[in-house]
Structures are given as C-alpha cells and as structure tokens.
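Just upload.pdb here, PDB, C-alpha atoms:
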```pdb
ATOM      1  CA  MET W  14      11.090   8.313 -38.435
ATOM      2  CA  LEU W  15       9.537   5.286 -40.153
ATOM      3  CA  ARG W  16      12.836   4.427 -41.875
ATOM      4  CA  PHE W  17      14.630   4.762 -38.545
ATOM      5  CA  VAL W  18      12.187   2.320 -36.909
ATOM      6  CA  VAL W  19      12.407  -0.181 -39.775
ATOM      7  CA  ARG W  20      16.209  -0.028 -39.733
ATOM      8  CA  ARG W  21      16.302  -0.755 -35.990
ATOM      9  CA  LEU W  22      13.857  -3.666 -36.400
ATOM     10  CA  LEU W  23      15.972  -5.205 -39.152
ATOM     11  CA  GLN W  24      19.052  -4.910 -36.956
ATOM     12  CA  LEU W  25      17.295  -7.065 -34.358
ATOM     13  CA  ILE W  26      17.282 -10.124 -36.632
ATOM     14  CA  PRO W  27      21.042 -10.898 -36.538
ATOM     15  CA  ILE W  28      21.176 -10.001 -32.833
ATOM     16  CA  LEU W  29      18.422 -12.459 -31.933
ATOM     17  CA  LEU W  30      19.915 -15.157 -34.178
ATOM     18  CA  GLY W  31      23.304 -14.679 -32.534
ATOM     19  CA  LEU W  32      21.665 -14.861 -29.132
ATOM     20  CA  SER W  33      19.954 -18.140 -30.001
ATOM     21  CA  ILE W  34      23.254 -19.595 -31.253
ATOM     22  CA  LEU W  35      25.034 -18.627 -28.028
ATOM     23  CA  LEU W  36      22.334 -20.187 -25.870
ATOM     24  CA  PHE W  37      22.261 -23.324 -28.024
ATOM     25  CA  ALA W  38      26.053 -23.652 -27.771
ATOM     26  CA  TRP W  39      26.020 -23.013 -24.001
ATOM     27  CA  VAL W  40      23.540 -25.827 -23.421
ATOM     28  CA  ARG W  41      25.687 -28.251 -25.436
ATOM     29  CA  ALA W  42      28.789 -27.138 -23.521
ATOM     30  CA  LEU W  43      27.405 -28.200 -20.122
ATOM     31  CA  PRO W  44      29.695 -30.716 -18.365
ATOM     32  CA  GLY W  45      28.635 -34.135 -19.575
ATOM     33  CA  GLY W  46      26.057 -32.583 -21.895
ATOM     34  CA  PRO W  47      22.442 -31.578 -21.206
ATOM     35  CA  ALA W  48      21.377 -35.148 -20.433
ATOM     36  CA  GLN W  49      24.086 -35.493 -17.766
ATOM     37  CA  ALA W  50      23.055 -32.137 -16.282
ATOM     38  CA  LEU W  51      19.419 -33.182 -16.190
ATOM     39  CA  LEU W  52      19.967 -36.604 -14.637
ATOM     40  CA  GLY W  53      22.672 -35.598 -12.160
ATOM     41  CA  GLU W  54      23.610 -38.525  -9.894
ATOM     42  CA  LYS W  55      21.058 -40.761 -11.614
ATOM     43  CA  ALA W  56      22.954 -40.600 -14.902
ATOM     44  CA  THR W  57      23.644 -43.996 -16.417
ATOM     45  CA  PRO W  58      24.556 -44.762 -20.023
ATOM     46  CA  ALA W  59      21.071 -46.122 -20.675
ATOM     47  CA  ALA W  60      19.336 -43.163 -19.012
ATOM     48  CA  ILE W  61      21.514 -40.664 -20.865
ATOM     49  CA  GLU W  62      20.746 -42.359 -24.170
ATOM     50  CA  GLN W  63      17.012 -42.273 -23.414
ATOM     51  CA  ILE W  64      17.042 -38.554 -22.489
ATOM     52  CA  GLU W  65      19.091 -37.688 -25.581
ATOM     53  CA  ALA W  66      16.560 -39.512 -27.747
ATOM     54  CA  GLN W  67      13.650 -37.687 -26.069
ATOM     55  CA  LEU W  68      15.305 -34.281 -26.490
ATOM     56  CA  GLY W  69      16.562 -34.983 -30.000
ATOM     57  CA  LEU W  70      20.202 -34.664 -28.921
ATOM     58  CA  ASP W  71      21.178 -37.700 -30.969
ATOM     59  CA  ARG W  72      20.492 -35.839 -34.215
ATOM     60  CA  PRO W  73      22.994 -33.699 -36.219
ATOM     61  CA  LEU W  74      23.770 -30.312 -34.667
ATOM     62  CA  TRP W  75      22.259 -28.306 -37.509
ATOM     63  CA  GLU W  76      19.010 -30.247 -37.181
ATOM     64  CA  GLN W  77      19.034 -29.766 -33.399
ATOM     65  CA  TYR W  78      19.523 -26.014 -33.831
ATOM     66  CA  LEU W  79      16.683 -25.674 -36.335
ATOM     67  CA  GLN W  80      14.424 -27.644 -33.997
ATOM     68  CA  PHE W  81      15.489 -25.451 -31.068
ATOM     69  CA  LEU W  82      14.907 -22.277 -33.099
ATOM     70  CA  GLY W  83      11.487 -23.423 -34.282
ATOM     71  CA  ARG W  84      10.361 -24.258 -30.748
ATOM     72  CA  ALA W  85      11.731 -20.958 -29.421
ATOM     73  CA  VAL W  86       9.759 -18.994 -32.024
ATOM     74  CA  ARG W  87       6.619 -20.830 -30.864
ATOM     75  CA  LEU W  88       7.590 -20.154 -27.212
ATOM     76  CA  ASP W  89       7.696 -23.894 -26.636
ATOM     77  CA  PHE W  90      10.452 -24.542 -24.084
ATOM     78  CA  GLY W  91       9.136 -27.831 -22.766
ATOM     79  CA  ALA W  92       7.906 -28.605 -19.250
ATOM     80  CA  SER W  93       9.501 -27.468 -16.011
ATOM     81  CA  LEU W  94      11.099 -30.293 -14.064
ATOM     82  CA  GLN W  95      10.097 -28.594 -10.804
ATOM     83  CA  THR W  96       6.358 -28.260 -11.395
ATOM     84  CA  GLY W  97       5.644 -30.393 -14.471
ATOM     85  CA  ARG W  98       3.861 -27.465 -16.135
ATOM     86  CA  PRO W  99       4.964 -25.869 -19.427
ATOM     87  CA  VAL W 100       7.738 -23.307 -18.942
ATOM     88  CA  ILE W 101       5.749 -20.651 -20.814
ATOM     89  CA  GLU W 102       2.926 -21.011 -18.271
ATOM     90  CA  GLU W 103       5.397 -20.525 -15.419
ATOM     91  CA  MET W 104       6.685 -17.413 -17.176
ATOM     92  CA  ALA W 105       3.179 -16.017 -17.557
ATOM     93  CA  ARG W 106       2.554 -16.595 -13.843
ATOM     94  CA  ARG W 107       5.837 -15.136 -12.600
ATOM     95  CA  PHE W 108       6.880 -12.414 -15.046
ATOM     96  CA  PRO W 109       4.342  -9.860 -13.721
ATOM     97  CA  ALA W 110       6.013 -10.013 -10.297
ATOM     98  CA  THR W 111       9.475  -9.384 -11.750
ATOM     99  CA  ILE W 112       8.231  -6.606 -14.037
ATOM    100  CA  GLU W 113       6.415  -4.968 -11.121
ATOM    101  CA  LEU W 114       9.564  -5.135  -9.003
ATOM    102  CA  ALA W 115      11.813  -3.847 -11.810
ATOM    103  CA  VAL W 116       9.490  -0.948 -12.633
ATOM    104  CA  ALA W 117       9.253   0.030  -8.953
ATOM    105  CA  ALA W 118      13.053  -0.061  -8.662
ATOM    106  CA  LEU W 119      13.456   1.982 -11.845
ATOM    107  CA  VAL W 120      10.956   4.582 -10.613
ATOM    108  CA  ILE W 121      12.923   4.934  -7.376
ATOM    109  CA  ALA W 122      16.238   5.166  -9.240
ATOM    110  CA  VAL W 123      14.976   7.817 -11.681
ATOM    111  CA  ALA W 124      12.922   9.838  -9.189
ATOM    112  CA  VAL W 125      15.833  10.067  -6.748
ATOM    113  CA  GLY W 126      18.841   9.824  -9.069
ATOM    114  CA  ILE W 127      18.081  12.633 -11.517
ATOM    115  CA  PRO W 128      17.396  15.319  -8.841
ATOM    116  CA  LEU W 129      20.491  14.276  -6.852
ATOM    117  CA  GLY W 130      22.638  14.312  -9.981
ATOM    118  CA  TYR W 131      21.327  17.753 -10.920
ATOM    119  CA  MET W 132      21.995  19.070  -7.395
ATOM    120  CA  ALA W 133      25.548  17.700  -7.507
ATOM    121  CA  ALA W 134      26.186  19.387 -10.864
ATOM    122  CA  ARG W 135      24.783  22.720  -9.680
ATOM    123  CA  ARG W 136      26.972  22.529  -6.539
ATOM    124  CA  TYR W 137      29.992  21.254  -8.442
ATOM    125  CA  GLY W 138      33.105  21.065  -6.262
ATOM    126  CA  THR W 139      31.265  21.781  -2.997
ATOM    127  CA  TRP W 140      30.798  19.477   0.005
ATOM    128  CA  LEU W 141      27.345  18.483  -1.283
ATOM    129  CA  ASP W 142      28.836  17.383  -4.599
ATOM    130  CA  ASN W 143      31.523  15.349  -2.830
ATOM    131  CA  VAL W 144      28.967  13.675  -0.553
ATOM    132  CA  LEU W 145      26.691  12.717  -3.457
ATOM    133  CA  VAL W 146      29.582  11.405  -5.574
ATOM    134  CA  SER W 147      30.908   9.356  -2.641
ATOM    135  CA  GLY W 148      27.406   8.014  -1.976
ATOM    136  CA  SER W 149      27.017   6.980  -5.600
ATOM    137  CA  LEU W 150      30.332   5.120  -5.473
ATOM    138  CA  LEU W 151      29.138   3.322  -2.351
ATOM    139  CA  GLY W 152      25.887   2.389  -4.108
ATOM    140  CA  VAL W 153      27.791   0.759  -6.967
ATOM    141  CA  THR W 154      30.229  -1.160  -4.774
ATOM    142  CA  VAL W 155      27.769  -2.615  -2.220
ATOM    143  CA  PRO W 156      26.425  -5.982  -3.515
ATOM    144  CA  ILE W 157      22.665  -6.096  -3.977
ATOM    145  CA  PHE W 158      22.203  -9.226  -1.871
ATOM    146  CA  PHE W 159      24.149  -7.684   1.057
ATOM    147  CA  LEU W 160      22.085  -4.503   0.929
ATOM    148  CA  ALA W 161      18.903  -6.584   0.690
ATOM    149  CA  TYR W 162      19.792  -8.567   3.829
ATOM    150  CA  LEU W 163      20.776  -5.345   5.624
ATOM    151  CA  LEU W 164      17.498  -3.603   4.771
ATOM    152  CA  LYS W 165      15.541  -6.679   5.755
ATOM    153  CA  LEU W 166      17.368  -6.944   9.096
ATOM    154  CA  VAL W 167      16.931  -3.282  10.043
ATOM    155  CA  PHE W 168      13.502  -2.320   8.725
ATOM    156  CA  ALA W 169      11.684  -5.661   8.814
ATOM    157  CA  VAL W 170      13.217  -7.652  11.667
ATOM    158  CA  GLN W 171      14.493  -5.066  14.156
ATOM    159  CA  LEU W 172      12.125  -2.140  13.581
ATOM    160  CA  GLY W 173       9.172  -4.132  12.245
ATOM    161  CA  TRP W 174       8.094  -1.317   9.948
ATOM    162  CA  LEU W 175       7.882  -3.384   6.757
ATOM    163  CA  PRO W 176       7.121  -7.034   5.868
ATOM    164  CA  THR W 177      10.020  -9.448   5.642
ATOM    165  CA  ALA W 178       9.008 -11.391   2.540
ATOM    166  CA  GLY W 179       6.381 -12.087  -0.115
ATOM    167  CA  ARG W 180       4.330  -9.953  -2.455
ATOM    168  CA  ALA W 181       1.263  -9.570  -0.239
ATOM    169  CA  ASP W 182      -0.116 -10.465   3.157
ATOM    170  CA  PRO W 183      -1.107 -14.167   2.923
ATOM    171  CA  ARG W 184      -4.088 -13.498   5.205
ATOM    172  CA  ALA W 185      -5.530 -10.886   2.841
ATOM    173  CA  SER W 186      -8.158 -11.767   0.257
ATOM    174  CA  ALA W 187      -7.678 -10.237  -3.188
ATOM    175  CA  ASP W 188      -8.221 -11.079  -6.863
ATOM    176  CA  HIS W 189      -5.282 -10.924  -9.270
ATOM    177  CA  PRO W 190      -6.572 -11.005 -12.870
ATOM    178  CA  THR W 191      -3.375  -9.585 -14.413
ATOM    179  CA  GLY W 192      -0.735 -10.767 -11.925
ATOM    180  CA  PHE W 193       0.365  -7.193 -11.215
ATOM    181  CA  TYR W 194      -0.750  -6.899  -7.605
ATOM    182  CA  VAL W 195      -0.704  -3.096  -7.401
ATOM    183  CA  LEU W 196      -2.629  -2.731 -10.650
ATOM    184  CA  ASP W 197      -5.031  -5.543  -9.757
ATOM    185  CA  GLY W 198      -6.053  -3.784  -6.560
ATOM    186  CA  ILE W 199      -6.892  -0.648  -8.535
ATOM    187  CA  LEU W 200      -8.779  -2.526 -11.263
ATOM    188  CA  THR W 201     -10.856  -4.506  -8.769
ATOM    189  CA  GLY W 202     -11.468  -1.523  -6.494
ATOM    190  CA  ASN W 203      -9.512  -3.148  -3.665
ATOM    191  CA  LEU W 204      -7.280  -0.217  -2.713
ATOM    192  CA  PRO W 205      -6.106  -1.800   0.567
ATOM    193  CA  ALA W 206      -4.707  -4.681  -1.509
ATOM    194  CA  SER W 207      -2.817  -2.188  -3.704
ATOM    195  CA  GLY W 208      -1.449  -0.498  -0.611
ATOM    196  CA  ASP W 209      -0.368  -3.832   0.834
ATOM    197  CA  ALA W 210       1.387  -4.756  -2.433
ATOM    198  CA  LEU W 211       3.191  -1.391  -2.450
ATOM    199  CA  ILE W 212       4.365  -1.898   1.125
ATOM    200  CA  HIS W 213       5.763  -5.322   0.193
ATOM    201  CA  LEU W 214       7.583  -3.699  -2.761
ATOM    202  CA  ILE W 215       9.440  -1.057  -0.739
ATOM    203  CA  LEU W 216      12.356  -3.124   0.587
ATOM    204  CA  PRO W 217      13.076  -5.303  -2.478
ATOM    205  CA  ALA W 218      12.642  -2.363  -4.874
ATOM    206  CA  THR W 219      14.954  -0.170  -2.788
ATOM    207  CA  ALA W 220      17.637  -2.863  -2.702
ATOM    208  CA  LEU W 221      17.303  -3.517  -6.428
ATOM    209  CA  ALA W 222      17.419   0.215  -7.237
ATOM    210  CA  SER W 223      20.760   0.817  -5.511
ATOM    211  CA  ILE W 224      23.073   0.257  -8.486
ATOM    212  CA  PRO W 225      20.868   1.977 -11.139
ATOM    213  CA  LEU W 226      20.378   4.889  -8.735
ATOM    214  CA  ALA W 227      24.125   5.354  -8.299
ATOM    215  CA  VAL W 228      24.754   5.139 -12.055
ATOM    216  CA  ILE W 229      21.974   7.634 -12.859
ATOM    217  CA  VAL W 230      23.305  10.108 -10.253
ATOM    218  CA  ARG W 231      26.789  10.050 -11.744
ATOM    219  CA  MET W 232      25.579  10.182 -15.351
ATOM    220  CA  THR W 233      23.168  13.039 -14.671
ATOM    221  CA  ARG W 234      25.858  14.985 -12.834
ATOM    222  CA  ALA W 235      28.390  14.586 -15.656
ATOM    223  CA  SER W 236      25.842  15.427 -18.344
ATOM    224  CA  VAL W 237      24.482  18.508 -16.560
ATOM    225  CA  VAL W 238      27.999  19.803 -15.864
ATOM    226  CA  ASN W 239      28.816  19.570 -19.587
ATOM    227  CA  VAL W 240      25.597  21.307 -20.648
ATOM    228  CA  LEU W 241      26.002  24.135 -18.125
ATOM    229  CA  HIS W 242      29.183  25.211 -19.911
ATOM    230  CA  GLU W 243      27.572  25.300 -23.360
ATOM    231  CA  ASP W 244      27.234  28.641 -25.166
ATOM    232  CA  TYR W 245      23.460  28.377 -25.589
ATOM    233  CA  VAL W 246      22.995  28.124 -21.817
ATOM    234  CA  ARG W 247      25.128  31.207 -21.176
ATOM    235  CA  THR W 248      23.263  33.019 -23.936
ATOM    236  CA  ALA W 249      19.895  32.127 -22.408
ATOM    237  CA  GLU W 250      21.047  33.387 -19.020
ATOM    238  CA  ALA W 251      22.425  36.587 -20.556
ATOM    239  CA  LYS W 252      19.071  37.242 -22.251
ATOM    240  CA  GLY W 253      17.470  37.374 -18.823
ATOM    241  CA  LEU W 254      15.411  34.184 -18.993
ATOM    242  CA  LEU W 255      14.120  32.946 -15.669
ATOM    243  CA  PRO W 256      16.340  30.262 -14.040
ATOM    244  CA  GLY W 257      13.495  27.751 -14.166
ATOM    245  CA  THR W 258      13.051  28.336 -17.894
ATOM    246  CA  VAL W 259      16.763  27.910 -18.558
ATOM    247  CA  THR W 260      16.815  24.727 -16.525
ATOM    248  CA  ARG W 261      13.725  23.216 -18.141
ATOM    249  CA  ARG W 262      14.246  24.219 -21.788
ATOM    250  CA  HIS W 263      17.992  24.155 -22.168
ATOM    251  CA  VAL W 264      19.773  22.299 -19.366
ATOM    252  CA  LEU W 265      17.546  19.326 -18.559
ATOM    253  CA  ARG W 266      16.266  18.769 -22.082
ATOM    254  CA  ASN W 267      19.781  18.430 -23.502
ATOM    255  CA  SER W 268      21.428  16.721 -20.553
ATOM    256  CA  MET W 269      18.755  14.009 -20.411
ATOM    257  CA  LEU W 270      19.750  12.519 -23.788
ATOM    258  CA  PRO W 271      22.635  10.347 -22.508
ATOM    259  CA  VAL W 272      20.775   9.731 -19.241
ATOM    260  CA  THR W 273      17.875   8.228 -21.230
ATOM    261  CA  THR W 274      20.224   5.654 -22.734
ATOM    262  CA  VAL W 275      21.628   4.781 -19.319
ATOM    263  CA  ILE W 276      18.130   4.355 -17.867
ATOM    264  CA  GLY W 277      17.235   1.885 -20.608
ATOM    265  CA  LEU W 278      20.451  -0.080 -20.137
ATOM    266  CA  GLN W 279      19.799  -0.322 -16.397
ATOM    267  CA  MET W 280      16.721  -2.455 -17.086
ATOM    268  CA  GLY W 281      19.139  -5.281 -17.857
ATOM    269  CA  VAL W 282      20.780  -4.744 -14.471
ATOM    270  CA  LEU W 283      17.368  -4.848 -12.810
ATOM    271  CA  LEU W 284      16.413  -8.115 -14.498
ATOM    272  CA  ALA W 285      19.730  -9.704 -13.512
ATOM    273  CA  GLY W 286      19.635  -8.349  -9.968
ATOM    274  CA  ALA W 287      16.089  -9.613  -9.516
ATOM    275  CA  VAL W 288      17.447 -13.165  -9.132
ATOM    276  CA  LEU W 289      19.217 -12.261  -5.874
ATOM    277  CA  THR W 290      16.639  -9.769  -4.620
ATOM    278  CA  GLU W 291      13.680 -12.098  -5.130
ATOM    279  CA  THR W 292      15.541 -14.914  -3.410
ATOM    280  CA  VAL W 293      16.282 -12.794  -0.312
ATOM    281  CA  PHE W 294      12.712 -11.508   0.006
ATOM    282  CA  ALA W 295      10.958 -14.705  -1.181
ATOM    283  CA  PHE W 296       9.414 -12.612  -3.932
ATOM    284  CA  SER W 297       7.663 -15.094  -6.234
ATOM    285  CA  GLY W 298       8.964 -13.826  -9.556
ATOM    286  CA  VAL W 299      11.153 -15.001 -12.401
ATOM    287  CA  GLY W 300      14.379 -14.539 -10.450
ATOM    288  CA  LYS W 301      13.450 -16.783  -7.547
ATOM    289  CA  PHE W 302      12.010 -19.481  -9.782
ATOM    290  CA  MET W 303      15.137 -19.413 -11.938
ATOM    291  CA  ALA W 304      17.384 -19.627  -8.855
ATOM    292  CA  ASP W 305      15.388 -22.644  -7.677
ATOM    293  CA  GLY W 306      15.687 -24.104 -11.187
ATOM    294  CA  ILE W 307      19.481 -23.827 -11.100
ATOM    295  CA  VAL W 308      19.584 -25.715  -7.806
ATOM    296  CA  ALA W 309      17.151 -28.348  -9.134
ATOM    297  CA  ARG W 310      18.958 -28.617 -12.516
ATOM    298  CA  ASP W 311      15.720 -27.639 -14.215
ATOM    299  CA  PHE W 312      17.241 -27.361 -17.676
ATOM    300  CA  PRO W 313      14.077 -26.395 -19.653
ATOM    301  CA  THR W 314      13.282 -23.600 -17.192
ATOM    302  CA  ILE W 315      16.820 -22.195 -17.222
ATOM    303  CA  GLN W 316      17.015 -22.253 -21.007
ATOM    304  CA  GLY W 317      13.597 -20.696 -21.537
ATOM    305  CA  PHE W 318      13.994 -17.999 -18.911
ATOM    306  CA  ILE W 319      17.466 -16.982 -20.089
ATOM    307  CA  LEU W 320      16.253 -16.652 -23.666
ATOM    308  CA  VAL W 321      13.159 -14.625 -22.751
ATOM    309  CA  ILE W 322      15.073 -12.302 -20.395
ATOM    310  CA  ALA W 323      17.778 -11.752 -23.005
ATOM    311  CA  VAL W 324      15.210 -11.001 -25.713
ATOM    312  CA  SER W 325      13.432  -8.630 -23.329
ATOM    313  CA  TYR W 326      16.710  -6.795 -22.751
ATOM    314  CA  VAL W 327      17.290  -6.457 -26.500
ATOM    315  CA  LEU W 328      13.747  -5.141 -27.032
ATOM    316  CA  ILE W 329      14.161  -2.631 -24.191
ATOM    317  CA  ASN W 330      17.309  -1.308 -25.835
ATOM    318  CA  MET W 331      15.442  -0.984 -29.111
ATOM    319  CA  ILE W 332      12.730   1.052 -27.362
ATOM    320  CA  VAL W 333      15.460   3.250 -25.865
ATOM    321  CA  ASP W 334      16.792   3.859 -29.380
ATOM    322  CA  PHE W 335      13.313   4.944 -30.486
ATOM    323  CA  VAL W 336      12.965   7.327 -27.541
ATOM    324  CA  TYR W 337      16.440   8.721 -28.182
ATOM    325  CA  GLY W 338      15.489   9.300 -31.814
ATOM    326  CA  LEU W 339      12.381  11.216 -30.716
ATOM    327  CA  LEU W 340      14.396  13.371 -28.314
ATOM    328  CA  ASP W 341      17.270  14.037 -30.723
ATOM    329  CA  PRO W 342      16.337  14.285 -34.441
ATOM    330  CA  ARG W 343      20.031  14.061 -35.366
ATOM    331  CA  VAL W 344      20.001  10.372 -34.389
ATOM    332  CA  ARG W 345      17.268   9.572 -36.911
ATOM    333  CA  VAL W 346      19.210  10.977 -39.851
ATOM    334  CA  SER W 347      22.682   9.795 -38.861
TER     335      SER W 347
END
```
This entry written out as structure tokens:
Amino acid sequence: MLRFVVRRLLQLIPILLGLSILLFAWVRALPGGPAQALLGEKATPAAIEQIEAQLGLDRPLWEQYLQFLGRAVRLDFGASLQTGRPVIEEMARRFPATIELAVAALVIAVAVGIPLGYMAARRYGTWLDNVLVSGSLLGVTVPIFFLAYLLKLVFAVQLGWLPTAGRADPRASADHPTGFYVLDGILTGNLPASGDALIHLILPATALASIPLAVIVRMTRASVVNVLHEDYVRTAEAKGLLPGTVTRRHVLRNSMLPVTTVIGLQMGVLLAGAVLTETVFAFSGVGKFMADGIVARDFPTIQGFILVIAVSYVLINMIVDFVYGLLDPRVRVS
C-alpha cells in the first residue's frame, strides 16, 4: 500500500506542473494581455507599461513563469482588487462556506442516489426503473441555475418555508471560529445556530446536488445490474444466504467500486457549480466572490482561485484513488 501511495504522489508532480503552465499561458492569452484586462477602459500606454513593470510582465517568459511558480508554492497570489486584502486571506474566509455547501450537496446526492439506483436495478425493466431513469436524465439536463431559481421561487418566495439567501439569519448572534457555520454551532454549544445554518443550506445544497445525484443514480443502477448477474451472487443465493447478507456482502460491496470513483469526480462538478449556486442564493463562498471578481476584472483573485480549486480537484481524485485501492486490492498491485 505504501508503494501505491508513493506512486500516486509522484504522479501528482507533472499534473500540477502542467496545470500551472496552462494557467500561466491562459493569463498571457487574455485579450490585450493581463495589464489591459486589469485596467479595462482606463488602459493607456503609460498605465499598461506601469502595470507590466509592477507585475513583472516585462521580463522574459521563463523568468515570469518561475516567479509565478515560486509565488504559487508560497500561496502568494497578490491582493484582491475588490477588497485590497491578500487573495489567500479571502480564500481562508470564503472556502469554508463552499466546502460546507459542497459536502452538504454530496451527502444529499449519495444518500438519495445510491438507494434509488439500487431500487432501479432490483426492479430492472419495471415502471419504477423507467421512472427513476427518466428522472435521472431530467436531473442531468436541467441547468443548476434554473433549478436554483425555481427552488427559490417555490419554497422561499411563494411558500415561505425556507430562507431566500445567505448562510445564516443576519439577526442571529453566533461565533464562527472555523468558518463552518454548522460545525461552529456545535463547537460553541449554540445548537440553534447550527440548525439555522442547516436550514439555509437546504435549497442551495439541493440545487447543487441535482447533477451528481442523477449521475450516481445511473451509475449505481448500471453497476448493481452487472453484479446481480455474476456467478458469485447466484452461488450465494443458492447456498441459502439471507437476502440482506447477499446484498451487503456481495452486491453492494462489489458494485460500489465504480460508484466510489464517480462520487469523487463529482466533487469537481460541485466546485464548478458552486459559482452559479452561490450567486443565486447570495451564499458568501468562493463561487460568489469569484463571480464578482470576473465582473470586476479582479485578475489576482481569478488566478488564485482557479489554481486552488484545480489543485483541490486533483487532490480529491488522488484521495479517491487511495480509497479505491483500499476497497479493491487488485488496484494496488496493477
């Protein structure tokens, strides 16, 4: 297992280097260059020259890349043009909100998707299977922002059951030492604050979970259908094992291997979808701040956030590989 882990860690090095090169090239490919993008309508030859000198864009490309790589390793992305504070500080303030939202959406997708996928596989070819498959197709095709507005209109505006925006009631008093509002309420003994944070998570997490939920349903269904036709399952049933034992030991344990990979990959979808979801619900996380940064041409924020989110996605996939290796020993020796 140790060799498997070391091999996966070594494979991260070229991936991260390639990622940094792509981001570096993208910034230089902006229309008019980064200085033009930063200055916008205020761009003059003198102003562009001054910005390029400040950012080191007048140096050779190889020197610019090494400088960019060195600052990225130190998590130094400069100051946000929106707030004037270092980008890394803005990340530390806003990443807990996005992680909390993504985890809540993933919990919903897994808790609902796996049972529905298993039910569809067990009722393969029946009306229930057709309904669940059609519903999963609908979940993939409906845009997240449209579903978010629809949920907000029905459950927040018309019915008034849930809050329309934000992470917590602005009138409530609560301490947030970690930035994770649900966890903070538990740590500080303020359970009403945790409950309020959970209520504010319901609508955005449900909207964000729609696509991962649909994918998990379809993947679980296909995987379970394949496993149900395996010889070892028929043998276990012929030996007289209880249906629950067959399901737990043989069907779910083997069918969850590809589903585990899909669940890990969906974290990237959640991080990308958070930009739209947080904007609709005014959820003060990375997505909303990045959307505001795009409008404001906040180049340091965009660059830093893209790099950190991309690295997070790569690390999540590495963790998925580790989990897959624990579940299936054949992966570790292949």
Spatial neighbours of Leu145 (chain W), 9 Å, only C-alpha atoms, chain gap at least 4 places, as number ranges by chain: W: 129-130, 132-133, 140-141, 149-150, 230-231
Protein and nucleic acid residues near (23.1, 6.2, -12.9) (cut-off 8 Å, all atoms listed in the file) as a PyMOL selection string: chain W and resi 122+126+224-233+272+275-276
Coordinates-based distance that separates CA of Val264 (chain W) from CA of His242 (chain W) (Å, one decimal):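 Distance reported for this atom pair: 9.9 Å.
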Near-Met280 (chain W) list (12 Å; all atoms listed in the file; drop same-chain fewer than 5 positions) as JSON, numbers by chain: {"W": [111, 112, 114, 115, 116, 117, 118, 119, 120, 122, 123, 221, 222, 224, 225, 226, 273, 274, 275, 285, 286, 287, 322, 323, 325, 326, 327, 328, 329, 330, 332, 333]}
Distance of CA of Pro99 (chain W) from CA of Ala295 (chain W), expressed in Å to one decimal place: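 Taking CA of Ala295 (chain W) as the start and CA of Pro99 (chain W) as the end point, the length is 22.2 Å.
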Of the listed residues W:Ile307, W:Ser223, W:Ala38, W:Thr314, that which approaches Val153 (chain W) most closely, counting all atoms listed in the file: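 Result for the nearest residue to Val153 (chain W): W:Ser223.
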Expected answer as a PyMOL selection string: all residues with atoms within 9 Å of (21.6, 19.9, -24.4), only C-alpha atoms: chain W and resi 236-237+239-241+243+245-246+262-270
Top pick for closest residue to Ala161 (chain W), considering W:Ala220, W:Val324, W:Val100, W:Ala124 and counting all atoms listed in the file: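 The closest residue to Ala161 (chain W) is W:Ala220.
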Two-atom distance - CA of Met104 (chain W), CA of Ala92 (chain W) (Å):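 Result for CA of Met104 (chain W) versus CA of Ala92 (chain W): 11.4 Å, one decimal.
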Which residue of W:Val155, W:Leu82, W:Val293, W:Leu204 approaches Gly179 (chain W) most closely, using all atoms listed in the file: W:Val293
Residue IDs satisfying the PyMOL selection byres ((chain W and resi 163) around 12), as an NGL selection string: :W and (155-162 or 164-171 or 177 or 216-217 or 219-220 or 290 or 293-294)
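Residue nearest Thr260 (chain W), chosen from W:Arg135, W:Arg234, W:Pro313, W:Gly83 and counting all atoms listed in the file: W:Arg135.
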Edge lengths and centre in Å to one decimal, as AutoDock Vina command-line options, is what I'm after for the box along x, y and z that holds all listed atoms of region 169-180 of chain W once 5 Å is added on each side.
```
--center_x 9.4 --center_y -6.7 --center_z 5.9 --size_x 20.2 --size_y 20.8 --size_z 26.6
```
Give me region 292-296 of chain W with all heavy atoms filled in, as a CSV table (one decimal), in the frame of the given file.
```csv
chain,number,residue,atom,x,y,z
W,292,THR,N,15.2,-13.8,-4.3
W,292,THR,CA,15.5,-14.9,-3.4
W,292,THR,C,15.6,-14.5,-2.0
W,292,THR,O,15.1,-15.2,-1.1
W,292,THR,CB,16.9,-15.5,-3.8
W,292,THR,OG1,16.8,-15.9,-5.2
W,292,THR,CG2,17.3,-16.7,-3.0
W,293,VAL,N,16.2,-13.3,-1.7
W,293,VAL,CA,16.3,-12.8,-0.3
W,293,VAL,C,14.9,-12.5,0.3
W,293,VAL,O,14.6,-12.9,1.4
W,293,VAL,CB,17.2,-11.5,-0.3
W,293,VAL,CG1,17.1,-10.9,1.1
W,293,VAL,CG2,18.6,-11.8,-0.7
W,294,PHE,N,14.0,-11.9,-0.5
W,294,PHE,CA,12.7,-11.5,0.0
W,294,PHE,C,11.6,-12.5,-0.3
W,294,PHE,O,10.4,-12.2,-0.1
W,294,PHE,CB,12.3,-10.1,-0.5
W,294,PHE,CG,13.2,-9.0,0.0
W,294,PHE,CD1,14.2,-8.5,-0.7
W,294,PHE,CD2,12.9,-8.5,1.3
W,294,PHE,CE1,15.0,-7.5,-0.2
W,294,PHE,CE2,13.7,-7.4,1.8
W,294,PHE,CZ,14.8,-7.0,1.0
W,295,ALA,N,12.0,-13.7,-0.8
W,295,ALA,CA,11.0,-14.7,-1.2
W,295,ALA,C,9.9,-14.1,-2.1
W,295,ALA,O,8.7,-14.3,-1.9
W,295,ALA,CB,10.3,-15.3,0.1
W,296,PHE,N,10.3,-13.3,-3.0
W,296,PHE,CA,9.4,-12.6,-3.9
W,296,PHE,C,9.2,-13.5,-5.1
W,296,PHE,O,10.1,-13.9,-5.9
W,296,PHE,CB,10.1,-11.3,-4.4
W,296,PHE,CG,9.1,-10.3,-4.8
W,296,PHE,CD1,8.5,-9.4,-3.9
W,296,PHE,CD2,8.8,-10.1,-6.2
W,296,PHE,CE1,7.7,-8.4,-4.3
W,296,PHE,CE2,7.9,-9.1,-6.6
W,296,PHE,CZ,7.4,-8.3,-5.7
```
